[in-house]
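Trainee: I am sharing start20.txt, which consists of compact mmCIF, C-alpha atoms:
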# COMPACT_ATOMS: atom_id res chain seq x y z
CA MET A 1 -14.86 32.03 159.23
CA SER A 2 -11.53 33.00 157.66
CA ASP A 3 -11.08 35.90 155.29
CA LEU A 4 -10.71 33.45 152.36
CA ASP A 5 -14.00 31.77 153.25
CA THR A 6 -15.68 35.17 153.49
CA LEU A 7 -14.28 36.22 150.09
CA GLN A 8 -15.35 32.94 148.47
CA SER A 9 -18.87 33.25 149.87
CA LYS A 10 -19.17 36.83 148.56
CA ILE A 11 -17.94 35.90 145.07
CA LEU A 12 -20.31 32.90 144.90
CA ALA A 13 -23.19 35.15 145.97
CA ASP A 14 -22.29 37.68 143.25
CA ILE A 15 -22.19 34.86 140.70
CA ALA A 16 -25.61 33.60 141.76
CA SER A 17 -27.12 37.08 141.50
CA ALA A 18 -25.64 37.92 138.08
CA SER A 19 -28.62 38.73 135.83
CA ASP A 20 -26.93 38.29 132.45
CA GLU A 21 -23.68 37.19 130.86
CA ALA A 22 -22.23 40.72 130.95
CA ALA A 23 -22.75 40.95 134.71
CA LEU A 24 -21.30 37.46 135.14
CA GLU A 25 -18.20 38.45 133.18
CA ALA A 26 -17.74 41.46 135.45
CA VAL A 27 -17.78 39.13 138.50
CA ARG A 28 -15.22 36.83 136.85
CA VAL A 29 -12.84 39.69 136.10
CA ALA A 30 -13.20 41.05 139.67
CA ALA A 31 -12.27 37.66 141.10
CA LEU A 32 -9.92 36.01 138.59
CA GLY A 33 -8.63 38.86 136.43
CA LYS A 34 -5.06 40.11 136.65
CA LYS A 35 -6.09 42.47 139.44
CA GLY A 36 -8.84 40.23 140.82
CA SER A 37 -9.24 39.42 144.49
CA ILE A 38 -8.29 35.72 144.20
CA SER A 39 -5.43 36.55 141.83
CA ALA A 40 -4.14 38.99 144.44
CA LEU A 41 -4.09 36.22 147.08
CA LEU A 42 -2.17 33.92 144.72
CA SER A 43 0.44 36.63 144.18
CA THR A 44 1.23 36.67 147.93
CA LEU A 45 2.33 33.00 148.00
CA GLY A 46 5.86 33.88 146.89
CA LYS A 47 6.51 35.78 150.11
CA MET A 48 5.44 32.92 152.39
CA ALA A 49 7.55 30.22 154.00
CA PRO A 50 7.48 26.85 152.17
CA ASP A 51 5.20 25.10 154.68
CA GLU A 52 2.79 28.02 154.85
CA ARG A 53 2.85 28.40 151.04
CA LYS A 54 1.85 24.76 150.65
CA THR A 55 -1.06 25.04 153.05
CA GLU A 56 -2.37 28.47 151.94
CA GLY A 57 -1.81 27.71 148.26
CA ALA A 58 -4.03 24.63 148.48
CA LYS A 59 -6.81 26.63 150.17
CA ILE A 60 -6.65 29.44 147.59
CA ASN A 61 -6.68 27.00 144.67
CA LEU A 62 -9.69 25.20 146.12
CA ALA A 63 -11.49 28.54 146.37
CA LYS A 64 -10.48 29.39 142.79
CA ASP A 65 -11.80 26.02 141.52
CA ALA A 66 -15.09 26.57 143.35
CA VAL A 67 -15.47 30.01 141.78
CA MET A 68 -14.70 28.65 138.26
CA ARG A 69 -17.26 25.84 138.63
CA ALA A 70 -19.87 28.33 139.83
CA LEU A 71 -19.08 30.63 136.91
CA ALA A 72 -19.48 27.80 134.38
CA ALA A 73 -22.73 26.61 135.90
CA ARG A 74 -24.20 30.11 136.06
CA ARG A 75 -23.13 30.81 132.46
CA GLU A 76 -25.07 27.77 131.24
CA VAL A 77 -28.14 28.88 133.19
CA LEU A 78 -27.96 32.39 131.70
CA LYS A 79 -27.45 31.06 128.13
CA SER A 80 -30.48 28.81 128.49
CA ALA A 81 -32.58 31.68 129.84
CA ALA A 82 -31.49 33.95 127.00
CA LEU A 83 -32.41 31.28 124.44
CA ASP A 84 -35.83 30.77 126.04
CA ALA A 85 -36.45 34.52 125.95
CA ARG A 86 -35.43 34.71 122.28
CA LEU A 87 -37.66 31.80 121.32
CA ALA A 88 -40.56 33.41 123.16
CA SER A 89 -40.06 36.74 121.38
CA GLU A 90 -39.50 35.23 117.92
CA THR A 91 -42.45 32.90 117.79
CA ILE A 92 -43.41 32.05 114.21
CA ASP A 93 -47.04 31.88 113.19
CA VAL A 94 -47.02 28.79 110.97
CA THR A 95 -50.42 29.77 109.55
CA LEU A 96 -48.91 32.82 107.81
CA SER A 97 -47.86 32.52 104.17
CA LEU A 98 -44.12 32.45 103.46
CA ARG A 99 -42.43 35.71 102.64
CA GLU A 100 -40.92 35.99 99.18
CA THR A 101 -37.15 35.92 98.97
CA PRO A 102 -35.50 39.01 97.42
CA ALA A 103 -34.95 37.06 94.19
CA GLU A 104 -38.63 36.18 94.01
CA ALA A 105 -39.87 39.62 95.07
CA GLY A 106 -37.90 41.44 92.36
CA ARG A 107 -39.45 41.96 88.95
CA ILE A 108 -38.17 42.34 85.40
CA HIS A 109 -39.62 45.41 83.69
CA PRO A 110 -42.04 44.61 80.82
CA LEU A 111 -39.80 46.49 78.38
CA SER A 112 -36.82 44.33 79.32
CA GLN A 113 -39.00 41.24 79.01
CA VAL A 114 -40.26 42.24 75.55
CA TRP A 115 -36.70 43.12 74.48
CA ASP A 116 -35.67 39.55 75.39
CA GLU A 117 -38.74 38.07 73.70
CA VAL A 118 -38.06 39.91 70.44
CA THR A 119 -34.39 38.90 70.52
CA THR A 120 -35.34 35.27 71.18
CA ILE A 121 -37.76 35.13 68.24
CA PHE A 122 -35.41 36.67 65.71
CA ALA A 123 -32.42 34.70 67.01
CA ASP A 124 -34.42 31.55 66.24
CA MET A 125 -34.68 32.81 62.66
CA GLY A 126 -30.92 33.27 62.44
CA PHE A 127 -30.63 37.01 63.13
CA ALA A 128 -27.68 38.51 65.00
CA VAL A 129 -28.05 41.50 67.35
CA ALA A 130 -26.27 44.72 66.32
CA GLU A 131 -25.80 47.72 68.61
CA GLY A 132 -24.58 51.27 68.25
CA PRO A 133 -24.14 54.51 70.23
CA ASP A 134 -27.05 56.64 71.37
CA ILE A 135 -25.14 59.79 70.31
CA GLU A 136 -24.82 59.85 66.53
CA THR A 137 -23.58 61.99 63.66
CA ASP A 138 -25.86 63.75 61.22
CA ASP A 139 -24.26 61.66 58.47
CA TYR A 140 -25.24 58.28 59.95
CA ASN A 141 -28.61 59.38 61.32
CA PHE A 142 -29.84 61.22 58.22
CA THR A 143 -27.56 61.62 55.18
CA ARG A 144 -26.67 57.97 54.54
CA LEU A 145 -30.33 57.04 55.09
CA ASN A 146 -31.42 59.21 52.15
CA PHE A 147 -32.87 62.07 54.22
CA PRO A 148 -32.46 65.16 52.01
CA GLU A 149 -31.43 68.57 53.30
CA GLY A 150 -34.45 70.42 54.67
CA HIS A 151 -36.31 67.25 55.66
CA PRO A 152 -38.59 67.95 58.69
CA ALA A 153 -36.85 65.25 60.75
CA ARG A 154 -33.70 67.38 60.69
CA GLU A 155 -35.43 70.32 62.37
CA MET A 156 -34.80 71.37 65.97
CA HIS A 157 -38.40 70.67 67.00
CA ASP A 158 -38.00 66.99 66.05
CA THR A 159 -34.39 66.18 66.99
CA PHE A 160 -32.19 66.69 70.06
CA TYR A 161 -28.98 68.36 68.83
CA PHE A 162 -25.80 69.03 70.78
CA ASN A 163 -23.97 72.36 70.56
CA PRO A 164 -22.05 72.85 67.29
CA LYS A 165 -18.38 71.85 67.11
CA ASP A 166 -15.67 74.20 65.87
CA ASP A 167 -16.17 72.95 62.31
CA GLY A 168 -19.92 73.61 62.49
CA SER A 169 -20.97 69.94 62.68
CA ARG A 170 -23.38 68.84 65.38
CA LEU A 171 -23.86 65.53 67.11
CA LEU A 172 -27.38 64.46 68.03
CA LEU A 173 -29.34 61.86 69.97
CA ARG A 174 -30.34 59.25 67.39
CA THR A 175 -33.96 59.51 66.30
CA HIS A 176 -34.16 55.82 65.31
CA THR A 177 -31.90 52.77 65.44
CA SER A 178 -31.34 52.92 61.66
CA PRO A 179 -27.79 54.32 62.15
CA VAL A 180 -26.93 50.86 63.49
CA GLN A 181 -27.96 49.48 60.10
CA VAL A 182 -25.63 51.98 58.45
CA ARG A 183 -22.74 51.02 60.72
CA THR A 184 -23.39 47.33 60.02
CA MET A 185 -23.40 47.80 56.23
CA LEU A 186 -20.19 49.87 56.42
CA SER A 187 -18.38 47.34 58.61
CA GLN A 188 -19.28 44.01 57.00
CA GLN A 189 -20.02 42.56 53.60
CA PRO A 190 -23.34 40.92 52.65
CA PRO A 191 -25.07 38.67 53.33
CA ILE A 192 -26.34 40.61 56.37
CA ARG A 193 -29.08 39.53 58.74
CA VAL A 194 -29.34 41.63 61.93
CA ILE A 195 -31.81 43.21 64.31
CA CYS A 196 -31.05 46.54 65.99
CA PRO A 197 -32.81 47.10 69.33
CA GLY A 198 -32.10 50.20 71.37
CA ARG A 199 -33.12 53.55 72.84
CA THR A 200 -34.12 56.42 70.54
CA TYR A 201 -34.89 60.09 71.18
CA ARG A 202 -37.22 62.65 69.64
CA SER A 203 -38.36 66.05 70.81
CA ASP A 204 -41.90 64.90 71.39
CA SER A 205 -43.85 64.50 74.64
CA ASP A 206 -47.58 64.06 75.21
CA GLN A 207 -50.03 61.36 76.35
CA THR A 208 -48.91 58.96 73.63
CA HIS A 209 -45.26 59.99 73.11
CA THR A 210 -42.17 60.26 75.30
CA PRO A 211 -38.84 62.01 74.53
CA MET A 212 -37.08 58.65 74.89
CA PHE A 213 -38.50 55.38 73.62
CA HIS A 214 -37.33 51.98 72.38
CA GLN A 215 -37.19 50.60 68.87
CA VAL A 216 -36.16 47.37 67.21
CA GLU A 217 -35.30 47.38 63.53
CA GLY A 218 -34.33 44.53 61.24
CA LEU A 219 -32.14 44.43 58.16
CA VAL A 220 -31.51 41.74 55.55
CA ILE A 221 -29.10 42.29 52.64
CA ASP A 222 -28.54 39.53 50.09
CA LYS A 223 -28.48 38.93 46.35
CA SER A 224 -31.95 37.40 46.18
CA SER A 225 -33.91 38.86 49.11
CA HIS A 226 -37.38 40.13 48.24
CA LEU A 227 -40.70 41.25 49.77
CA GLY A 228 -41.93 37.66 50.03
CA HIS A 229 -39.13 36.93 52.50
CA LEU A 230 -39.98 40.09 54.44
CA LYS A 231 -43.67 39.20 54.70
CA TRP A 232 -42.86 35.68 55.92
CA ILE A 233 -40.48 36.98 58.61
CA LEU A 234 -42.99 39.51 59.92
CA HIS A 235 -45.82 36.97 59.85
CA GLU A 236 -43.79 34.42 61.82
CA PHE A 237 -42.68 37.10 64.27
CA CYS A 238 -46.25 38.26 65.00
CA LYS A 239 -47.44 34.68 65.52
CA ALA A 240 -44.61 33.93 67.95
CA PHE A 241 -44.73 37.26 69.79
CA PHE A 242 -48.50 37.42 70.30
CA GLU A 243 -48.57 33.64 70.84
CA VAL A 244 -51.35 32.84 68.38
CA ASP A 245 -51.58 30.09 65.78
CA ASN A 246 -52.22 32.48 62.94
CA VAL A 247 -52.66 36.19 62.32
CA ASN A 248 -53.70 37.91 59.12
CA MET A 249 -51.60 40.87 57.99
CA ARG A 250 -52.33 43.74 55.63
CA PHE A 251 -49.56 45.61 53.80
CA ARG A 252 -50.36 49.17 52.69
CA PRO A 253 -48.23 51.45 50.48
CA SER A 254 -46.45 54.21 52.36
CA PHE A 255 -43.33 56.38 52.17
CA PHE A 256 -40.02 56.32 54.04
CA PRO A 257 -36.87 58.00 52.71
CA PHE A 258 -34.74 54.90 53.26
CA THR A 259 -37.00 52.26 51.61
CA GLU A 260 -38.60 51.89 48.17
CA PRO A 261 -41.21 50.52 47.98
CA SER A 262 -42.33 51.31 51.54
CA LEU A 263 -45.14 49.59 53.40
CA GLU A 264 -47.20 50.03 56.56
CA VAL A 265 -48.26 46.77 58.21
CA ASP A 266 -51.62 46.17 59.90
CA ILE A 267 -52.48 43.03 61.81
CA GLN A 268 -55.84 41.39 62.39
CA CYS A 269 -57.39 41.98 65.82
CA ARG A 270 -60.61 42.18 67.77
CA ARG A 271 -61.35 45.08 70.10
CA ASP A 272 -63.65 44.12 72.94
CA LYS A 273 -64.19 45.80 76.35
CA ASN A 274 -60.92 47.77 76.30
CA GLU A 275 -59.01 44.63 75.26
CA ILE A 276 -57.29 43.82 71.99
CA ARG A 277 -57.00 40.21 70.89
CA PHE A 278 -54.86 39.23 67.94
CA GLY A 279 -55.44 36.45 65.45
CA GLU A 280 -59.22 36.93 65.49
CA GLY A 281 -61.91 39.51 64.72
CA GLU A 282 -62.43 41.87 61.82
CA ASP A 283 -60.52 44.96 63.01
CA TRP A 284 -57.05 46.06 61.90
CA LEU A 285 -54.24 47.71 63.87
CA GLU A 286 -51.12 49.33 62.45
CA ILE A 287 -48.04 47.86 64.10
CA LEU A 288 -44.89 48.64 62.07
CA GLY A 289 -43.32 50.02 58.92
CA CYS A 290 -41.08 48.22 56.41
CA GLY A 291 -39.89 48.10 52.83
CA MET A 292 -37.07 47.29 50.42
CA VAL A 293 -33.85 49.18 51.21
CA HIS A 294 -33.53 52.18 48.90
CA PRO A 295 -30.72 51.83 46.32
CA ASN A 296 -29.36 55.22 47.42
CA VAL A 297 -28.89 53.87 50.95
CA LEU A 298 -27.00 50.86 49.62
CA LYS A 299 -24.72 53.12 47.55
CA LEU A 300 -24.03 55.47 50.46
CA CYS A 301 -23.12 52.46 52.62
CA GLY A 302 -20.71 51.00 50.08
CA ILE A 303 -22.94 48.19 48.72
CA ASP A 304 -23.56 47.78 44.99
CA PRO A 305 -27.36 47.94 44.40
CA GLU A 306 -26.85 46.19 41.04
CA VAL A 307 -25.66 43.09 42.92
CA TYR A 308 -27.42 43.22 46.27
CA GLN A 309 -30.83 44.19 47.51
CA GLY A 310 -32.41 44.03 50.91
CA PHE A 311 -35.34 44.83 53.13
CA ALA A 312 -35.78 46.43 56.53
CA TRP A 313 -38.47 47.01 59.11
CA GLY A 314 -38.92 48.84 62.40
CA MET A 315 -41.33 48.80 65.33
CA GLY A 316 -41.63 50.34 68.78
CA ILE A 317 -40.78 47.99 71.64
CA ASP A 318 -42.88 50.14 74.00
CA ARG A 319 -45.87 49.92 71.66
CA ILE A 320 -45.85 46.16 71.18
CA ALA A 321 -45.30 45.69 74.93
CA MET A 322 -48.41 47.75 75.64
CA LEU A 323 -50.43 45.81 73.05
CA LYS A 324 -49.39 42.39 74.31
CA TYR A 325 -49.70 42.98 78.05
CA GLY A 326 -52.65 45.38 78.15
CA ILE A 327 -50.79 48.46 79.38
CA ALA A 328 -53.08 51.43 78.83
CA ASP A 329 -50.79 54.41 79.41
CA LEU A 330 -47.33 54.79 77.85
CA ARG A 331 -46.16 57.01 80.70
CA GLN A 332 -46.56 54.20 83.22
CA LEU A 333 -43.62 52.41 81.60
CA PHE A 334 -41.25 55.12 82.84
CA GLU A 335 -42.77 56.29 86.15
CA GLY A 336 -40.93 53.72 88.29
CA ASP A 337 -43.97 52.84 90.44
CA VAL A 338 -43.07 49.67 92.35
CA ARG A 339 -46.74 48.72 92.69
CA TRP A 340 -47.19 48.92 88.93
CA LEU A 341 -44.02 46.89 88.37
CA THR A 342 -45.21 44.23 90.83
CA HIS A 343 -48.38 43.86 88.75
CA TYR A 344 -46.91 43.96 85.24
CA GLY A 345 -43.37 42.75 85.91
CA PHE A 346 -41.91 39.27 85.39
CA LYS A 347 -40.05 37.06 87.84
CA PRO A 348 -36.28 37.10 87.24
CA LEU A 349 -35.83 33.37 86.68
CA GLU A 350 -38.57 33.08 84.07
CA ILE A 351 -36.45 33.60 80.96
CA PRO A 352 -38.53 33.78 77.76
CA THR A 353 -38.06 30.82 75.40
CA LEU A 354 -39.90 29.64 72.32
CA ALA A 355 -40.22 26.16 73.83
CA GLY A 356 -41.51 27.25 77.23
CA GLY A 357 -43.57 30.22 76.14
CA LEU A 358 -42.62 33.87 75.96
CA SER A 359 -44.95 35.42 78.53
CA ILE A 360 -45.27 32.90 81.39
CA GLN A 361 -45.71 34.83 84.65
For this file, write the structure as structure tokens.
Mentor:
Amino acid sequence: MSDLDTLQSKILADIASASDEAALEAVRVAALGKKGSISALLSTLGKMAPDERKTEGAKINLAKDAVMRALAARREVLKSAALDARLASETIDVTLSLRETPAEAGRIHPLSQVWDEVTTIFADMGFAVAEGPDIETDDYNFTRLNFPEGHPAREMHDTFYFNPKDDGSRLLLRTHTSPVQVRTMLSQQPPIRVICPGRTYRSDSDQTHTPMFHQVEGLVIDKSSHLGHLKWILHEFCKAFFEVDNVNMRFRPSFFPFTEPSLEVDIQCRRDKNEIRFGEGEDWLEILGCGMVHPNVLKLCGIDPEVYQGFAWGMGIDRIAMLKYGIADLRQLFEGDVRWLTHYGFKPLEIPTLAGGLSIQ
């Protein structure tokens, strides 16, 4: 057997014994690479006589072709074996339930859901959404809302103040979203019809209060607006939000610096086995405050109270979310427990609509 035959036999044996594609590639490089054994034989042809070159060149090329065919065949065998091994290791149990996709596994927080529900209901009534900064001035948060000097709400134990500026003034974290009403009245002429949802801050923390919470307030300013309009709006809102055909409401006299007269609103409910159901029963539950905008507020915001009048209301988004969806502890809304969110959260693609229902889960 010639040296070429011996080399060919060795290379073919190495190919047959290659256990994976990496080992097979190493054999190919050793034989056919730039410095491979067969490549080295081809490089010697230039030094041979023409007759010898013709004879030896044919033999070397035949050996090269045999090696290439063996490489291709072995590669197919190894690919097939690798696929069989992968299929064996990745066997799917068709009796198992399908895993949720990331889009389906994610959840919308109940507060975000209720925020959208409230916006949807009032948008259907023709209200626009107004927004403002969380950091406010004393003037917008208190003075223009008819809070007199020395009012308890201005005290340090109720309000988060920033350090004083050089002129002695102090910014603060807004204690309600009413400054958005002020900004709206200062920036546009009546008629005005807006809701003002947002975060608010008060120096208060216990089992039923958190230093940060969410409010939504509403404001209507027009020449002929009156309490009858306000009662109708709130009645329609409660029916749509709690998804009941009817709900009785009770308006009680109260006091707020920025409204006159001021009213507290109770809604009909039935308490049964740690559940609250609305639109039935003989119990009452306070849900929000409202009233006619105080003439002093209109004056301070550049609106003539002899020509225009208006009404406003405010409620806690956290509170109505807890009432509607049976959340027992306010603190759970802010703990970030994924298990809790999986239970109370909403699927991302289920956008609340009046036609399709607000709380479909």
Trainee: Between atom CA of A:Gly218 and atom CA of A:Cys196, what is the distance, to one decimal in Å?
Mentor: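 According to the coordinates, atom CA of A:Gly218 and atom CA of A:Cys196 are separated by 6.1 Å.
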Trainee: Of the candidates A:Thr44, A:Thr119, A:Gln8, A:Ser17, which one gets nearest to A:Ile317 if we count only C-alpha atoms?
Mentor: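 Looking only at the distances to A:Ile317, the closest residue turns out to be A:Thr119.
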Trainee: In terms of the shortest atom-to-atom distance over all atoms listed in the file, which of A:Pro197, A:Gly132, A:Lys324, A:Asp204 is closest to A:Glu275?
Mentor: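 Checking each of A:Pro197, A:Gly132, A:Lys324, A:Asp204 against A:Glu275, counting all atoms listed in the file, the winner is A:Lys324.
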Trainee: Each residue of stretch 206-227 of chain A lying at most 9 Å from stretch 156-176 of chain A should get a row with its shortest atom-to-atom pair and the distance in Å to one decimal, counting all atoms listed in the file; could you produce that, ordered by chain and increasing number, as a Markdown table?
Mentor:
| residue | atom | partner | partner_atom | distance |
| --- | --- | --- | --- | --- |
| A:His214 | CA | A:His176 | CA | 8.6 |
| A:Gln215 | CA | A:His176 | CA | 7.0 |
| A:Val216 | CA | A:His176 | CA | 8.9 |
| A:Glu217 | CA | A:His176 | CA | 8.7 |
Trainee: Write a file of the selected residues as a tab-separated table (two decimals), in the coordinates of the input, keeping C-alpha atoms.
Mentor:
chain	number	residue	atom	x	y	z
A	214	HIS	CA	-37.33	51.98	72.38
A	215	GLN	CA	-37.19	50.60	68.87
A	216	VAL	CA	-36.16	47.37	67.21
A	217	GLU	CA	-35.30	47.38	63.53
Trainee: With distances taken over only C-alpha atoms, which of A:Val94, A:Ile15, A:Cys269, A:Ile276 is nearest to A:Ala66?
Mentor: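 Nearest candidate to A:Ala66 out of A:Val94, A:Ile15, A:Cys269, A:Ile276: A:Ile15.
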Trainee: Determine the nearest neighbour of A:Pro295 from the options A:Gly281, A:Pro211, A:Pro261, A:Gly336, counting only C-alpha atoms.
Mentor: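 Closest candidate: A:Pro261.
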